[in-house]
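Q: File name structure-v4.txt; file contents compact mmCIF, C-alpha atoms; full text below.
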```
# COMPACT_ATOMS: atom_id res chain seq x y z
CA MET A 3 12.17 5.86 27.64
CA ARG A 4 14.77 8.37 26.45
CA ARG A 5 17.00 5.48 25.47
CA ARG A 6 14.15 4.00 23.49
CA ALA A 7 13.63 7.28 21.71
CA ARG A 8 17.34 7.40 20.88
CA VAL A 9 17.23 3.84 19.53
CA ARG A 10 14.20 4.73 17.46
CA ALA A 11 15.92 7.81 16.08
CA LEU A 12 18.98 5.71 15.24
CA LEU A 13 16.83 3.12 13.50
CA ALA A 14 15.16 5.84 11.50
CA VAL A 15 18.55 7.18 10.41
CA VAL A 16 19.76 3.69 9.45
CA ALA A 17 16.57 3.05 7.52
CA GLY A 18 16.99 6.42 5.82
CA LEU A 19 20.53 5.51 4.78
CA MET A 20 19.31 2.21 3.44
CA GLY A 21 16.86 4.20 1.37
CA ALA A 22 14.33 1.43 1.10
CA PRO A 23 10.84 2.85 0.79
CA GLY A 24 8.40 0.01 0.36
CA LEU A 25 6.15 0.34 -2.58
CA ALA A 26 3.68 -2.12 -3.81
CA HIS A 27 4.62 -4.47 -6.55
CA HIS A 28 8.17 -3.79 -7.43
CA SER A 29 11.00 -2.16 -5.74
CA VAL A 30 11.60 1.54 -6.00
CA PRO A 31 15.26 1.13 -4.94
CA GLY A 32 15.69 -1.74 -7.39
CA THR A 33 14.43 0.24 -10.34
CA PHE A 34 15.27 3.83 -9.48
CA ASP A 35 18.23 5.63 -7.95
CA VAL A 36 16.75 6.69 -4.63
CA ASN A 37 19.93 8.55 -3.74
CA LYS A 38 19.33 11.11 -6.47
CA THR A 39 16.55 13.52 -7.32
CA THR A 40 16.34 14.93 -10.81
CA VAL A 41 14.05 17.61 -12.14
CA ILE A 42 12.44 17.83 -15.55
CA LYS A 43 10.11 20.45 -16.94
CA GLY A 44 7.68 19.69 -19.71
CA THR A 45 4.12 19.21 -20.79
CA VAL A 46 1.98 16.25 -19.82
CA SER A 47 1.19 14.41 -23.03
CA LYS A 48 -0.50 11.28 -21.67
CA ILE A 49 -1.50 9.56 -18.44
CA ASP A 50 -1.92 5.81 -18.15
CA TRP A 51 -4.25 5.49 -15.15
CA ILE A 52 -3.54 1.80 -14.68
CA ASN A 53 -2.43 -0.67 -12.07
CA PRO A 54 -0.12 -1.77 -10.62
CA HIS A 55 1.35 1.71 -11.19
CA ILE A 56 0.23 4.88 -12.92
CA TYR A 57 2.42 6.45 -15.63
CA ILE A 58 2.54 10.13 -16.49
CA TYR A 59 4.25 10.96 -19.80
CA VAL A 60 6.04 14.30 -19.92
CA ASP A 61 7.37 15.84 -23.14
CA VAL A 62 10.61 17.71 -22.46
CA ARG A 63 12.03 20.02 -25.14
CA ASP A 64 15.79 20.62 -25.14
CA GLY A 65 17.70 23.68 -26.42
CA SER A 66 17.70 22.42 -29.99
CA GLY A 67 13.96 21.88 -29.95
CA ALA A 68 14.16 18.08 -29.80
CA VAL A 69 11.46 16.50 -27.65
CA THR A 70 12.08 13.59 -25.30
CA THR A 71 9.09 11.88 -23.72
CA TYR A 72 9.80 10.89 -20.12
CA LYS A 73 7.89 8.03 -18.54
CA VAL A 74 7.22 9.06 -14.95
CA GLU A 75 5.93 6.26 -12.80
CA THR A 76 3.89 6.90 -9.69
CA LEU A 77 1.57 5.31 -7.13
CA PRO A 78 -1.07 2.64 -7.78
CA THR A 79 -4.58 3.95 -8.38
CA ASN A 80 -5.96 3.05 -4.95
CA HIS A 81 -3.08 4.85 -3.22
CA MET A 82 -3.71 7.87 -5.42
CA ARG A 83 -7.38 7.84 -4.43
CA ARG A 84 -6.43 7.80 -0.76
CA ALA A 85 -4.08 10.71 -1.39
CA GLY A 86 -7.09 12.50 -2.91
CA VAL A 87 -5.66 12.83 -6.40
CA THR A 88 -7.57 12.05 -9.58
CA ARG A 89 -6.42 11.84 -13.19
CA ALA A 90 -8.57 14.89 -13.88
CA ASP A 91 -6.74 16.85 -11.15
CA ILE A 92 -3.42 16.25 -12.89
CA LEU A 93 -4.75 17.05 -16.36
CA GLU A 94 -6.49 20.18 -15.09
CA GLY A 95 -3.34 21.43 -13.35
CA ALA A 96 -1.22 20.65 -16.41
CA LYS A 97 -3.52 22.50 -18.81
CA ALA A 98 -1.90 25.84 -18.01
CA GLY A 99 1.53 24.78 -19.31
CA ALA A 100 4.71 23.00 -18.35
CA VAL A 101 4.90 21.07 -15.11
CA LEU A 102 7.96 20.55 -12.93
CA ILE A 103 8.67 16.95 -12.01
CA HIS A 104 10.89 15.94 -9.09
CA MET A 105 11.75 12.26 -9.46
CA TYR A 106 14.14 9.47 -8.66
CA PRO A 107 15.87 8.76 -12.00
CA ALA A 108 15.53 5.24 -13.36
CA LEU A 109 18.66 3.10 -13.12
CA LYS A 110 18.46 1.90 -16.72
CA ASN A 111 16.19 4.16 -18.75
CA PRO A 112 17.51 7.75 -18.98
CA ALA A 113 14.01 8.99 -19.87
CA ALA A 114 12.17 7.49 -16.89
CA GLY A 115 11.79 8.14 -13.20
CA PHE A 116 9.64 7.69 -10.12
CA LEU A 117 7.54 10.70 -9.17
CA LEU A 118 8.17 12.48 -5.90
CA ARG A 119 6.39 15.77 -6.63
CA ILE A 120 4.60 17.36 -9.56
CA THR A 121 4.38 21.16 -9.50
CA PHE A 122 1.88 22.88 -11.75
CA PRO A 123 2.30 26.20 -13.58
CA GLU A 124 -0.08 27.94 -11.18
CA GLY A 125 2.18 27.03 -8.26
CA HIS A 126 0.30 24.26 -6.49
CA PHE A 127 1.85 20.82 -6.29
CA PHE A 128 1.15 17.20 -5.41
CA HIS A 129 3.79 15.68 -3.16
CA LEU A 130 3.30 11.95 -3.50
CA PHE A 131 6.49 10.24 -2.41
CA GLY A 132 9.76 10.84 -0.59
CA GLU A 133 10.97 13.33 1.95
CA GLU A 134 11.36 17.11 1.85
CA ASN A 135 15.14 16.80 1.76
CA GLU A 136 14.87 14.65 -1.35
CA ILE A 137 13.11 17.56 -3.03
CA ALA A 138 15.65 20.05 -1.71
CA ARG A 139 18.64 18.10 -3.02
CA ALA A 140 17.30 18.08 -6.58
CA SER A 141 19.74 18.52 -9.44
CA ASN A 142 19.28 18.61 -13.16
CA MET B 25 16.52 19.44 12.63
CA LEU B 26 16.91 22.74 10.82
CA ARG B 27 15.46 21.14 7.71
CA THR B 28 12.49 19.86 9.66
CA VAL B 29 11.84 23.29 11.14
CA THR B 30 12.22 24.84 7.71
CA ALA B 31 9.82 22.30 6.23
CA VAL B 32 7.23 23.00 8.93
CA ILE B 33 7.55 26.74 8.35
CA CYS B 34 7.24 26.18 4.59
CA SER B 35 4.12 24.05 5.03
CA THR B 36 2.59 26.72 7.23
CA LEU B 37 3.46 29.47 4.75
CA ILE B 38 1.94 27.41 1.96
CA ALA B 39 -1.20 26.94 4.03
CA VAL B 40 -1.42 30.67 4.71
CA ALA B 41 -0.65 31.55 1.09
CA LEU B 42 -3.37 29.24 -0.10
CA GLY B 43 -5.84 30.76 2.30
CA ILE B 44 -6.09 27.84 4.67
CA GLY B 45 -6.10 29.01 8.25
CA SER B 46 -5.12 25.67 9.69
CA VAL B 47 -4.56 22.20 8.40
CA ASP B 48 -6.33 19.13 9.78
CA ALA B 49 -5.11 18.31 13.27
CA ALA B 50 -4.98 14.62 12.55
CA PRO B 51 -4.73 13.65 8.89
CA GLN B 52 -5.75 10.10 8.07
CA GLY B 53 -2.86 7.70 8.44
CA THR B 54 -1.25 9.39 11.44
CA ASP B 55 -1.10 7.99 14.97
CA ALA B 56 -3.10 11.00 16.15
CA ALA B 57 -5.89 10.16 13.72
CA VAL B 58 -5.99 6.60 15.02
CA ALA B 59 -6.14 7.77 18.63
CA ALA B 60 -8.93 10.26 17.91
CA ALA B 61 -10.94 7.65 15.99
CA ALA B 62 -10.50 5.03 18.72
CA ALA B 63 -11.91 7.44 21.31
CA LYS B 64 -15.27 7.64 19.53
CA PRO B 65 -18.19 5.39 20.53
CA THR B 66 -18.37 1.98 18.84
CA PRO B 67 -21.49 1.74 16.69
CA ARG B 68 -23.65 -1.33 17.13
CA ALA B 69 -25.76 -3.20 14.61
CA ALA B 70 -29.44 -3.98 15.32
CA ASP B 71 -28.43 -7.36 16.75
CA GLY B 72 -26.16 -5.66 19.28
CA ARG B 73 -22.91 -6.71 17.63
CA PRO B 74 -20.29 -4.10 16.77
CA ASP B 75 -21.00 -2.75 13.29
CA LEU B 76 -17.90 -3.30 11.18
CA SER B 77 -19.48 -1.70 8.11
CA GLY B 78 -17.60 1.05 6.37
CA MET B 79 -14.66 2.00 4.23
CA TRP B 80 -11.41 1.52 6.14
CA TYR B 81 -8.32 3.60 5.49
CA ARG B 82 -4.96 2.10 4.82
CA ARG B 83 -2.08 3.32 2.76
CA VAL B 84 1.49 2.11 2.99
CA ALA B 85 3.37 3.64 0.08
CA GLY B 86 4.58 7.19 0.21
CA PRO B 87 4.38 9.61 3.11
CA VAL B 88 1.13 10.55 4.79
CA THR B 89 -0.23 13.49 2.84
CA GLN B 90 -3.06 15.93 3.11
CA ARG B 91 -4.68 18.51 0.88
CA VAL B 92 -3.83 22.10 1.64
CA GLY B 93 -5.71 24.35 -0.77
CA LYS B 94 -5.09 22.86 -4.22
CA SER B 95 -1.85 21.20 -3.14
CA ILE B 96 -1.11 17.78 -1.68
CA VAL B 97 1.56 18.21 0.98
CA ARG B 98 3.52 15.83 3.18
CA VAL B 99 2.38 15.64 6.76
CA GLU B 100 5.34 16.56 8.91
CA GLY B 101 6.51 13.90 11.29
CA THR B 102 5.45 11.06 9.02
CA ALA B 103 8.07 9.13 7.16
CA THR B 104 8.21 7.39 3.83
CA VAL B 105 10.94 5.14 5.24
CA PRO B 106 11.09 2.82 6.97
CA ASP B 107 7.90 1.14 5.85
CA ARG B 108 5.04 2.13 8.08
CA TYR B 109 3.92 -1.44 8.06
CA ASN B 110 5.86 -4.68 7.92
CA PRO B 111 3.78 -7.86 8.01
CA GLY B 112 6.71 -9.95 9.22
CA ARG B 113 7.33 -13.42 7.82
CA PRO B 114 6.75 -17.06 8.79
CA ARG B 115 9.50 -19.36 10.01
CA TYR B 116 9.91 -22.16 7.49
CA LYS B 117 11.30 -25.58 8.27
CA PRO B 118 14.99 -25.78 7.36
CA GLU B 119 14.38 -28.06 4.39
CA PHE B 120 12.28 -25.35 2.71
CA LEU B 121 14.64 -22.41 3.14
CA ALA B 122 16.45 -23.04 -0.14
CA ARG B 123 13.11 -23.00 -1.97
CA VAL B 124 12.14 -19.73 -0.30
CA LYS B 125 15.45 -18.19 -1.33
CA GLU B 126 15.16 -19.43 -4.88
CA MET B 127 11.66 -17.97 -5.19
CA THR B 128 12.82 -14.73 -3.58
CA ASP B 129 15.70 -14.37 -6.01
CA ASP B 130 13.41 -14.92 -8.97
CA GLN B 131 10.40 -13.08 -7.59
CA ILE B 132 10.07 -10.75 -10.56
CA ASN B 133 9.44 -13.76 -12.77
CA VAL B 134 7.69 -16.29 -10.58
CA ASP B 135 5.51 -14.25 -8.21
CA PRO B 136 2.00 -14.45 -9.71
CA SER B 137 1.00 -11.15 -8.13
CA PHE B 138 3.78 -9.41 -10.10
CA HIS B 139 1.90 -10.42 -13.21
CA CYS B 140 -1.50 -9.12 -12.12
CA GLY B 141 -2.56 -12.39 -10.48
CA PRO B 142 -4.73 -12.38 -7.36
CA PRO B 143 -2.75 -11.66 -4.17
CA GLY B 144 -4.75 -14.10 -2.05
CA ILE B 145 -5.04 -14.35 1.70
CA VAL B 146 -3.21 -12.95 3.72
CA ARG B 147 -1.27 -10.87 1.27
CA ILE B 148 -4.33 -8.89 0.25
CA GLY B 149 -4.25 -7.39 3.74
CA PRO B 150 -7.09 -6.17 5.94
CA PRO B 151 -10.61 -5.44 4.68
CA GLN B 152 -11.05 -2.26 2.72
CA ARG B 153 -14.83 -2.06 2.62
CA ILE B 154 -17.17 -4.05 4.85
CA VAL B 155 -20.93 -4.54 4.49
CA GLN B 156 -22.40 -6.26 7.54
CA THR B 157 -25.77 -7.93 7.82
CA PRO B 158 -27.04 -10.25 10.59
CA ARG B 159 -26.33 -13.26 8.34
CA GLU B 160 -23.05 -12.38 6.70
CA VAL B 161 -20.19 -9.98 6.45
CA VAL B 162 -19.15 -8.97 2.94
CA ILE B 163 -15.56 -7.83 2.49
CA LEU B 164 -14.59 -5.86 -0.62
CA TYR B 165 -11.12 -5.05 -1.87
CA ASP B 166 -9.81 -2.52 -4.38
CA ASP B 167 -6.43 -4.06 -4.99
CA LEU B 168 -3.61 -3.23 -7.41
CA ASN B 169 -4.48 -6.45 -9.19
CA GLY B 170 -8.22 -5.94 -9.37
CA ASN B 171 -11.37 -5.99 -7.26
CA PHE B 172 -11.85 -8.94 -4.94
CA PHE B 173 -14.62 -9.93 -2.55
CA ARG B 174 -15.47 -12.39 0.18
CA VAL B 175 -18.88 -13.32 1.55
CA VAL B 176 -18.39 -14.50 5.14
CA PRO B 177 -21.40 -16.25 6.75
CA ILE B 178 -21.81 -15.40 10.43
CA ASP B 179 -25.06 -17.24 11.12
CA GLY B 180 -23.73 -20.67 11.96
CA ARG B 181 -23.15 -21.93 8.43
CA THR B 182 -20.06 -24.10 8.12
CA HIS B 183 -17.39 -24.41 5.46
CA ARG B 184 -18.80 -25.50 2.13
CA ALA B 185 -17.92 -28.82 0.60
CA ASN B 186 -17.24 -29.36 -3.10
CA VAL B 187 -16.05 -25.83 -3.77
CA GLU B 188 -12.93 -25.33 -5.84
CA PRO B 189 -9.97 -23.94 -3.91
CA SER B 190 -9.44 -20.21 -4.52
CA SER B 191 -6.99 -17.43 -3.74
CA LEU B 192 -9.23 -16.04 -0.99
CA GLY B 193 -10.54 -19.44 0.09
CA ASP B 194 -13.73 -20.28 1.91
CA SER B 195 -14.46 -18.13 4.95
CA VAL B 196 -16.72 -18.72 7.95
CA GLY B 197 -17.16 -16.16 10.71
CA ARG B 198 -18.35 -16.16 14.30
CA TRP B 199 -18.50 -13.60 17.07
CA GLU B 200 -16.28 -13.97 20.10
CA GLY B 201 -17.50 -11.14 22.29
CA ASN B 202 -16.89 -7.97 20.31
CA THR B 203 -14.46 -9.60 17.90
CA LEU B 204 -15.42 -11.21 14.60
CA VAL B 205 -13.30 -14.31 14.09
CA ILE B 206 -13.01 -15.59 10.51
CA GLU B 207 -11.64 -19.02 9.65
CA VAL B 208 -10.36 -19.41 6.10
CA ARG B 209 -9.87 -22.77 4.37
CA ASN B 210 -9.66 -24.24 0.87
CA LEU B 211 -6.91 -21.97 -0.39
CA LEU B 212 -5.05 -22.35 -3.64
CA ASP B 213 -1.36 -22.99 -3.11
CA THR B 214 -0.39 -20.87 -6.11
CA THR B 215 -0.56 -17.54 -4.29
CA TRP B 216 2.19 -16.21 -2.05
CA LEU B 217 1.53 -15.11 1.53
CA GLY B 218 3.75 -12.09 0.96
CA ASP B 219 6.92 -10.97 -0.69
CA ASN B 220 10.13 -12.90 -0.82
CA GLY B 221 9.02 -16.40 -1.65
CA LEU B 222 6.39 -16.94 1.06
CA PHE B 223 4.87 -20.06 -0.47
CA HIS B 224 2.31 -22.24 1.29
CA THR B 225 0.36 -25.44 0.80
CA GLU B 226 -3.31 -26.11 0.06
CA ASP B 227 -3.74 -27.12 3.70
CA THR B 228 -3.06 -23.60 4.93
CA LYS B 229 -5.50 -22.37 7.57
CA VAL B 230 -5.91 -18.70 8.30
CA THR B 231 -7.67 -17.18 11.30
CA GLU B 232 -8.48 -13.50 11.11
CA ARG B 233 -9.80 -11.39 13.96
CA LEU B 234 -11.58 -8.08 13.34
CA THR B 235 -12.20 -5.78 16.28
CA ARG B 236 -13.89 -2.41 16.02
CA LYS B 237 -13.08 0.19 18.65
CA GLY B 238 -14.70 3.55 18.00
CA ASP B 239 -13.93 4.39 14.40
CA THR B 240 -10.93 2.06 14.22
CA LEU B 241 -10.75 -1.51 13.02
CA THR B 242 -7.93 -3.81 14.08
CA TRP B 243 -7.07 -6.73 11.82
CA GLU B 244 -5.12 -9.68 13.16
CA ALA B 245 -4.26 -12.82 11.24
CA VAL B 246 -2.60 -16.11 12.09
CA VAL B 247 -1.47 -18.46 9.33
CA GLU B 248 -1.06 -22.16 10.08
CA ASP B 249 0.75 -24.43 7.65
CA PRO B 250 2.39 -27.15 9.75
CA GLU B 251 3.71 -28.97 6.71
CA VAL B 252 6.12 -26.14 5.90
CA PHE B 253 6.15 -23.77 8.92
CA LEU B 254 7.94 -24.39 12.19
CA GLU B 255 5.14 -22.58 14.01
CA PRO B 256 1.98 -20.59 13.19
CA TRP B 257 2.79 -17.22 11.69
CA LYS B 258 1.25 -14.27 13.48
CA VAL B 259 0.99 -11.49 10.92
CA THR B 260 1.73 -8.04 12.31
CA PRO B 261 -1.69 -6.55 13.20
CA ARG B 262 -2.94 -3.38 11.53
CA THR B 263 -5.31 -0.77 12.88
CA LEU B 264 -7.31 1.13 10.28
CA THR B 265 -9.46 4.21 10.58
CA LEU B 266 -12.94 4.77 9.18
CA MET B 267 -13.29 6.93 6.08
CA PRO B 268 -16.86 8.16 6.56
CA ASN B 269 -17.07 10.01 3.25
CA ALA B 270 -15.30 7.53 1.00
CA GLU B 271 -16.58 4.59 -1.01
CA ILE B 272 -14.73 1.72 -2.61
CA GLU B 273 -14.14 2.09 -6.32
CA GLU B 274 -13.61 -0.22 -9.22
CA ALA B 275 -9.91 -1.02 -9.57
CA ALA B 276 -8.18 0.28 -12.67
CA PHE B 277 -7.09 -2.37 -15.14
CA CYS B 278 -3.95 -4.20 -14.05
CA GLU B 279 -1.58 -4.30 -16.99
CA ASP B 280 1.37 -6.66 -16.88
CA ARG B 281 4.07 -4.70 -18.64
CA GLY B 282 6.71 -7.36 -18.34
CA VAL B 283 9.78 -7.64 -16.21
CA ASP B 284 11.59 -4.64 -17.70
CA ASP B 285 9.50 -2.46 -15.43
CA ARG B 286 10.47 -4.52 -12.43
CA VAL B 287 14.20 -4.78 -12.81
CA THR B 288 15.05 -5.79 -9.30
CA ARG B 289 16.24 -8.96 -7.73
CA ASP B 290 17.46 -7.40 -4.53
CA TYR B 291 14.52 -5.87 -2.73
CA HIS B 292 10.80 -6.39 -2.67
CA GLY B 293 8.39 -4.26 -0.69
CA ASN B 294 5.04 -5.42 -1.88
CA VAL B 295 2.89 -4.57 1.11
CA ARG B 296 -0.65 -3.68 0.23
```
For this file, produce the structure as structure tokens.
A:
Amino acid sequence: MRRRARVRALLAVVAGLMGAPGLAHHSVPGTFDVNKTTVIKGTVSKIDWINPHIYIYVDVRDGSGAVTTYKVETLPTNHMRRAGVTRADILEGAKAGAVLIHMYPALKNPAAGFLLRITFPEGHFFHLFGEENEIARASN
Amino acid sequence: MLRTVTAVICSTLIAVALGIGSVDAAPQGTDAAVAAAAAKPTPRAADGRPDLSGMWYRRVAGPVTQRVGKSIVRVEGTATVPDRYNPGRPRYKPEFLARVKEMTDDQINVDPSFHCGPPGIVRIGPPQRIVQTPREVVILYDDLNGNFFRVVPIDGRTHRANVEPSSLGDSVGRWEGNTLVIEVRNLLDTTWLGDNGLFHTEDTKVTERLTRKGDTLTWEAVVEDPEVFLEPWKVTPRTLTLMPNAEIEEAAFCEDRGVDDRVTRDYHGNVR
């Protein structure tokens, strides 16, 4: 039994190293760098509540005042429902100001990513994908 | 280990800060939730059969989460990786392996479900919403690619003749003790059985078994396609839990945004 537990733990570590979270439709590891977490801060300008994946658009202003719109991809709508998150929840939370986005950066598009966690100005957040350590390792 | 402990402490602090004394003991999607649901009595329909009606929980992408105050937090001890569910794959005859590989390598272009096409049986997975009457069992799906339904007669009717083949085929059910057995025929061969080039023929036969125990529903499926498989494929079973307060919803529009949004040829994890 203990040996089995050790094997299981080993398998979990190997799977973690492989970084291959399954997500419907296309591959997160194929499209995004799952070994990195980046953070952006900006205002939610649009949400496409569509399948097979939802997109949240976040306007990020740099030091010079230039605005870049990031395309942040997230779960399909039925997964979001099961997580208990609605489009209105996100819009409501984002009304108070800039949101913080933790995401896997896209491999090709510098202004795109896959959402791990969205944190609202009032402090509450929706953790939708990934592990705690992937939040903790975040870099800009 | 330290990180795990820290995460647990953080979750608890968040719960306290948000005024939640304790979080749910067994959030939906955890093994504990399945065990608790299975221990409940199994409801029976008026005809004495187990009542399979209800909305059944399943979620495979992302970690198991729960609401704590206004936040959605990860449930500790549940992992995003590896996949919580892997359906497995059939064993193809050697002469078809090259075709499977070719379709796998070009999945982003040639998999119909990547372009909002119907997923078909068995890729669509277990039932999401069931409505049971003495004459038929209606199965409803809220899929990434749209809403789908099946009307399964359970009153002795047989497979229909002169019906066009379809992605979900023609289903006929019967009770074997407490298990509903559904035979599926007349399937289109244009759907895939799963990721990575799992093609099949129009002669595919699928047998599903649905067993309710307490507030859990176990889905088993066997796919037979002797023309291309070495042996019947037993799909990995799934046990779902009842969502008493949820209802199935209309699926949001599936928009095919082209292959630029699916830039992979190396990994596919399209479990529903």
Q: Take atom CA of Arg147 of chain B and atom CA of Lys117 of chain B and report the distance between them in Å, one decimal.
A: 20.6 Å
Q: Which value, in Å to one decimal, gives the distance between atom CA of Thr231 of chain B and atom CA of Val161 of chain B?
A: 15.2 Å
Q: What does the distance between atom CA of Arg115 of chain B and atom CA of Leu192 of chain B come to in Å, to one decimal place?
A: 22.0 Å
Q: Tell me which of A:Ala90, A:Pro78, A:Val46, A:Pro112 sits closest to chain B, counting all atoms listed in the file.
A: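 The closest residue to chain B is A:Pro78.
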Q: Taking all atoms listed in the file into account, which of A:Asp50, A:Glu133, A:Asp35, A:Asp61 comes nearest chain B?
A: A:Glu133
Q: Of the candidates B:Ala56, B:Leu164, B:Leu211, B:Ala245, which shows the shortest atom-to-atom distance to Val187 of chain B, using all atoms listed in the file?
A: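 Going through B:Ala56, B:Leu164, B:Leu211, B:Ala245 one by one, the smallest distance to Val187 of chain B is for B:Leu211.
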Q: Pick from B:Thr240, B:Thr66, B:Thr265, B:Asn169: nearest to chain A, with all atoms listed in the file counted?
A: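 Looking at the shortest contact to chain A, the residue is B:Asn169.
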Q: Within 10 Å of Thr40 of chain A, counting only C-alpha atoms, which residues show up once you throw out same-chain ones fewer than 4 positions away? Write them as a PDB file with C-alpha atoms, keeping the file's coordinate frame, please.
A:
```
ATOM      1  CA  ASP A  35      18.230   5.630  -7.950  1.00  0.00           C
ATOM      2  CA  ILE A 103       8.670  16.950 -12.010  1.00  0.00           C
ATOM      3  CA  HIS A 104      10.890  15.940  -9.090  1.00  0.00           C
ATOM      4  CA  MET A 105      11.750  12.260  -9.460  1.00  0.00           C
ATOM      5  CA  TYR A 106      14.140   9.470  -8.660  1.00  0.00           C
ATOM      6  CA  PRO A 107      15.870   8.760 -12.000  1.00  0.00           C
ATOM      7  CA  GLY A 115      11.790   8.140 -13.200  1.00  0.00           C
ATOM      8  CA  PHE A 116       9.640   7.690 -10.120  1.00  0.00           C
ATOM      9  CA  LEU A 117       7.540  10.700  -9.170  1.00  0.00           C
ATOM     10  CA  LEU A 118       8.170  12.480  -5.900  1.00  0.00           C
ATOM     11  CA  GLU A 136      14.870  14.650  -1.350  1.00  0.00           C
ATOM     12  CA  ILE A 137      13.110  17.560  -3.030  1.00  0.00           C
ATOM     13  CA  ARG A 139      18.640  18.100  -3.020  1.00  0.00           C
ATOM     14  CA  ALA A 140      17.300  18.080  -6.580  1.00  0.00           C
ATOM     15  CA  SER A 141      19.740  18.520  -9.440  1.00  0.00           C
ATOM     16  CA  ASN A 142      19.280  18.610 -13.160  1.00  0.00           C
TER      17      ASN A 142
END
```
Q: Give me the residues within 9 Å of Glu207 of chain B as a PyMOL selection string, counting all atoms listed in the file and dropping any in the same chain fewer than 5 places off.
A: chain B and resi 183+194-198+229-233
Q: Go ahead and find all residues with at least one atom no further than 10 Å from (-5.1, 10.2, 2.2) in the file's coordinates, using only C-alpha atoms; report them as a compact mmCIF listing (two decimals) with C-alpha atoms, in the frame of the given file.
A:
```
# COMPACT_ATOMS: atom_id res chain seq x y z
CA HIS A 81 -3.08 4.85 -3.22
CA MET A 82 -3.71 7.87 -5.42
CA ARG A 83 -7.38 7.84 -4.43
CA ARG A 84 -6.43 7.80 -0.76
CA ALA A 85 -4.08 10.71 -1.39
CA GLY A 86 -7.09 12.50 -2.91
CA VAL A 87 -5.66 12.83 -6.40
CA PRO B 51 -4.73 13.65 8.89
CA GLN B 52 -5.75 10.10 8.07
CA GLY B 53 -2.86 7.70 8.44
CA TYR B 81 -8.32 3.60 5.49
CA ARG B 82 -4.96 2.10 4.82
CA ARG B 83 -2.08 3.32 2.76
CA PRO B 87 4.38 9.61 3.11
CA VAL B 88 1.13 10.55 4.79
CA THR B 89 -0.23 13.49 2.84
CA GLN B 90 -3.06 15.93 3.11
CA ARG B 91 -4.68 18.51 0.88
CA ILE B 96 -1.11 17.78 -1.68
CA MET B 267 -13.29 6.93 6.08
```
